[in-house]
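Shown next, in structure tokens, is the structure this report addresses.
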Amino acid sequence: MNFAHHVFRHTPALRGLITPPDASEMRFGQDRFAELDIQAEAEGWPAGWRMEHDAREANRKTILSGRLEQDLWVFAYGSLIWDPAVQVEEYRYGALSGWCRNFCMRLEGGRGSHEQPGLMAALDEGGNCDGIVFRIPAALVERETEFMWRREMFSGAYRPIFLEVATPQGSVDALVFVMDRANRRYMPELPQEDAAQMIAVAEGGLGTNFDYLDSLVRHLDQLGIQDGDMQQLHARADAHRLKSPLADTA
């Protein structure tokens with residue numbers, strides 16, 4: 001089912017660029033975890049690599065306490081923008097102060113390995129971040145956030161909090177998944193040059209780390225969202241990738 005026309009009344013440029021939830025691979029049920037557990041064992045991911053269902057559900061209920069019967073705004077800074085995997089009633093452009101898009105989450109599986117870990121984008125403290133906020137209608141919040149928590153909190157490396165996000169139509173109190181600085185995967189204050197080197201060569205069962213960064217930068221550009229730091233990181237990683245004898249330069 002495609003999004004209703006009114007969903008993009010404030011963001012007409014996004015119409016046709018967003019993956020409908022029923023076409024998203026990120027909208028998965030509990031059975032997906034069994035498949036991922038097999039992959040994790042095959043790739044040697046560390047024990048406790050993901051949250052257990054009960055812990056994840058307890059986290060969702062705690063964070064959304066008192067909010068399950070009202071519309072829910074969610075701030076998206078990465079793939080949640082173009083592939084939300086949930087039913088959305090409204091999209092707006094949004095700006096978040098005090099937080100920045102940053103490759104600060106260590107990847108030892110998926111697009112990295114124990115021997116050559118990669119990096120994943122997260123929201124870290126400091127700076128500013130331009131992105132999108134979308135609204136889930138109250139009647140669907142309970143069901144849709146179950147899908148969202150399976151996706152965003154499968155490893156427990158994020159910390160879901162509510163923050164004020166500025167939009168052209170007024171500020172909203174939005175759910176934001178930020179980097180959990182207490183998580184072992186957090187890599188603080190990593191110089192961009194070091195991050196670029198890691199991203200250039202890391203690879204896992206889901207493909208190369210560079211392809212992930214490349215997809216992020218291309219999507220942000222297509223959606224009209226500017227991030228000079230991401231573009232600079234992409235250029236540096238591409239330069240390292242082309243120099244590396246391990247890289248596929250085809």
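In the structure tokens, chains take letters A, B, ... by order of appearance, with residues numbered from 1 within each chain and ligands from 1 in the order shown.
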Taking a cut-off of 8 Å and counting only C-alpha atoms, can you build a table that, for each residue of region 67-137 of chain A near region 167-170 of chain A, reports the nearest atom pair and how far apart they are in Å (one decimal), sorted by chain then residue number, as a Markdown table?
```
| residue | atom | partner | partner_atom | distance |
| --- | --- | --- | --- | --- |
| A:Arg92 | CA | A:Thr167 | CA | 6.6 |
| A:Tyr93 | CA | A:Thr167 | CA | 5.8 |
| A:Gly94 | CA | A:Thr167 | CA | 4.7 |
| A:Ala95 | CA | A:Thr167 | CA | 6.5 |
```
Requested in this report: Please return as a VMD selection string: the residues of region 50-236 of chain A that backbone DSSP assigns to alpha helix (DSSP H).
Outcome: chain A and resid 53 to 63 79 to 82 141 to 152 192 to 201 209 to 222 228 to 236
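The nearest approach to Met153 (chain A) among the residues A:His114, A:His6, A:Arg15, A:His53, with only C-alpha atoms taken into account, belongs to A:His53.
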Report task. Could you give me, as a ChimeraX atom specification, the residues within 9 Å of region 230-232 of chain A, counting only C-alpha atoms and dropping anything in the same chain fewer than 3 positions from it? Result -> /A:101-103,192,213,216-217,226-227,235-237
Emit the selected residues as an mmCIF file, in the first residue's frame, including C-alpha atoms.
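result-v9.cif was written with the following content:
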```cif
data_model
loop_
_atom_site.group_PDB
_atom_site.id
_atom_site.type_symbol
_atom_site.label_atom_id
_atom_site.label_comp_id
_atom_site.auth_asym_id
_atom_site.auth_seq_id
_atom_site.Cartn_x
_atom_site.Cartn_y
_atom_site.Cartn_z
ATOM 1 C CA ARG A 101 24.950 12.338 12.519
ATOM 2 C CA ASN A 102 28.188 10.447 13.214
ATOM 3 C CA PHE A 103 29.795 7.122 12.299
ATOM 4 C CA GLN A 192 37.350 11.291 10.642
ATOM 5 C CA LEU A 213 28.036 5.019 3.656
ATOM 6 C CA LEU A 216 23.440 7.114 3.080
ATOM 7 C CA VAL A 217 25.104 10.008 1.254
ATOM 8 C CA GLN A 226 22.685 18.534 3.371
ATOM 9 C CA ASP A 227 25.428 17.094 5.588
ATOM 10 C CA ALA A 235 35.249 11.394 -0.110
ATOM 11 C CA ARG A 236 37.974 10.291 2.315
ATOM 12 C CA ALA A 237 36.689 6.718 2.531
#
```
Report task. Would you mind listing what lies within 9 Å of Asn2 (chain A) as a VMD selection string, with only C-alpha atoms counted and same-chain residues fewer than 4 positions away left out? Result -> chain A and resid 19 to 22
Would you mind exporting N, CA and C atoms of the selected residues as a CSV table (one decimal), in the first residue's frame?
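Result written to part.csv:
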```csv
chain,number,residue,atom,x,y,z
A,19,THR,N,10.0,4.3,0.7
A,19,THR,CA,9.6,2.9,0.6
A,19,THR,C,8.3,2.7,1.4
A,20,PRO,N,7.2,2.2,0.8
A,20,PRO,CA,6.0,1.9,1.5
A,20,PRO,C,6.3,0.8,2.5
A,21,PRO,N,5.6,0.8,3.7
A,21,PRO,CA,6.0,-0.2,4.7
A,21,PRO,C,5.8,-1.6,4.3
A,22,ASP,N,4.8,-1.9,3.4
A,22,ASP,CA,4.5,-3.3,3.0
A,22,ASP,C,5.6,-3.8,2.0
```
Distance table requested - region 70-162 of chain A against region 25-41 of chain A, cut-off 9 Å, only C-alpha atoms: one row per qualifying residue with the closest atom pair and its distance in Å to one decimal, ordered by chain and rising residue number, as CSV.
```
residue,atom,partner,partner_atom,distance
A:Asp83,CA,A:Met26,CA,7.7
A:Pro84,CA,A:Met26,CA,8.0
A:Ala85,CA,A:Arg27,CA,5.1
A:Val86,CA,A:Arg27,CA,7.2
A:Gly109,CA,A:Ala40,CA,7.4
A:Gly110,CA,A:Ala40,CA,8.7
A:Glu146,CA,A:Gly29,CA,9.0
A:Phe147,CA,A:Arg27,CA,6.0
A:Met148,CA,A:Arg27,CA,7.9
A:Arg150,CA,A:Phe28,CA,7.7
A:Arg151,CA,A:Met26,CA,6.6
A:Phe154,CA,A:Phe33,CA,8.6
```
Can you write out the residues you just picked, keeping N, CA and C atoms, as a CSV table (one decimal), in the first residue's frame?
```
chain,number,residue,atom,x,y,z
A,83,ASP,N,13.1,4.7,4.4
A,83,ASP,CA,12.5,3.3,4.6
A,83,ASP,C,12.0,3.2,6.0
A,84,PRO,N,11.0,3.9,6.4
A,84,PRO,CA,10.5,3.9,7.8
A,84,PRO,C,10.0,2.6,8.3
A,85,ALA,N,9.4,1.8,7.4
A,85,ALA,CA,8.9,0.4,7.7
A,85,ALA,C,7.7,0.5,8.6
A,86,VAL,N,7.1,1.7,8.8
A,86,VAL,CA,5.9,1.9,9.6
A,86,VAL,C,4.9,2.7,8.8
A,109,GLY,N,29.8,-7.3,12.6
A,109,GLY,CA,29.0,-8.2,11.8
A,109,GLY,C,28.2,-7.4,10.8
A,110,GLY,N,27.6,-8.0,9.9
A,110,GLY,CA,26.8,-7.3,8.9
A,110,GLY,C,27.6,-6.7,7.8
A,146,GLU,N,6.1,-1.6,17.8
A,146,GLU,CA,6.6,-3.0,17.9
A,146,GLU,C,7.6,-3.3,16.8
A,147,PHE,N,7.2,-2.9,15.5
A,147,PHE,CA,8.0,-3.1,14.4
A,147,PHE,C,9.3,-2.2,14.5
A,148,MET,N,9.1,-1.0,15.0
A,148,MET,CA,10.2,-0.1,15.1
A,148,MET,C,11.2,-0.5,16.1
A,150,ARG,N,11.8,-3.6,17.1
A,150,ARG,CA,12.6,-4.8,16.5
A,150,ARG,C,13.7,-4.3,15.7
A,151,ARG,N,13.5,-3.3,14.9
A,151,ARG,CA,14.5,-2.8,14.0
A,151,ARG,C,15.6,-2.0,14.7
A,154,PHE,N,17.2,-3.9,18.1
A,154,PHE,CA,17.6,-5.3,18.1
A,154,PHE,C,18.9,-5.6,18.8
```
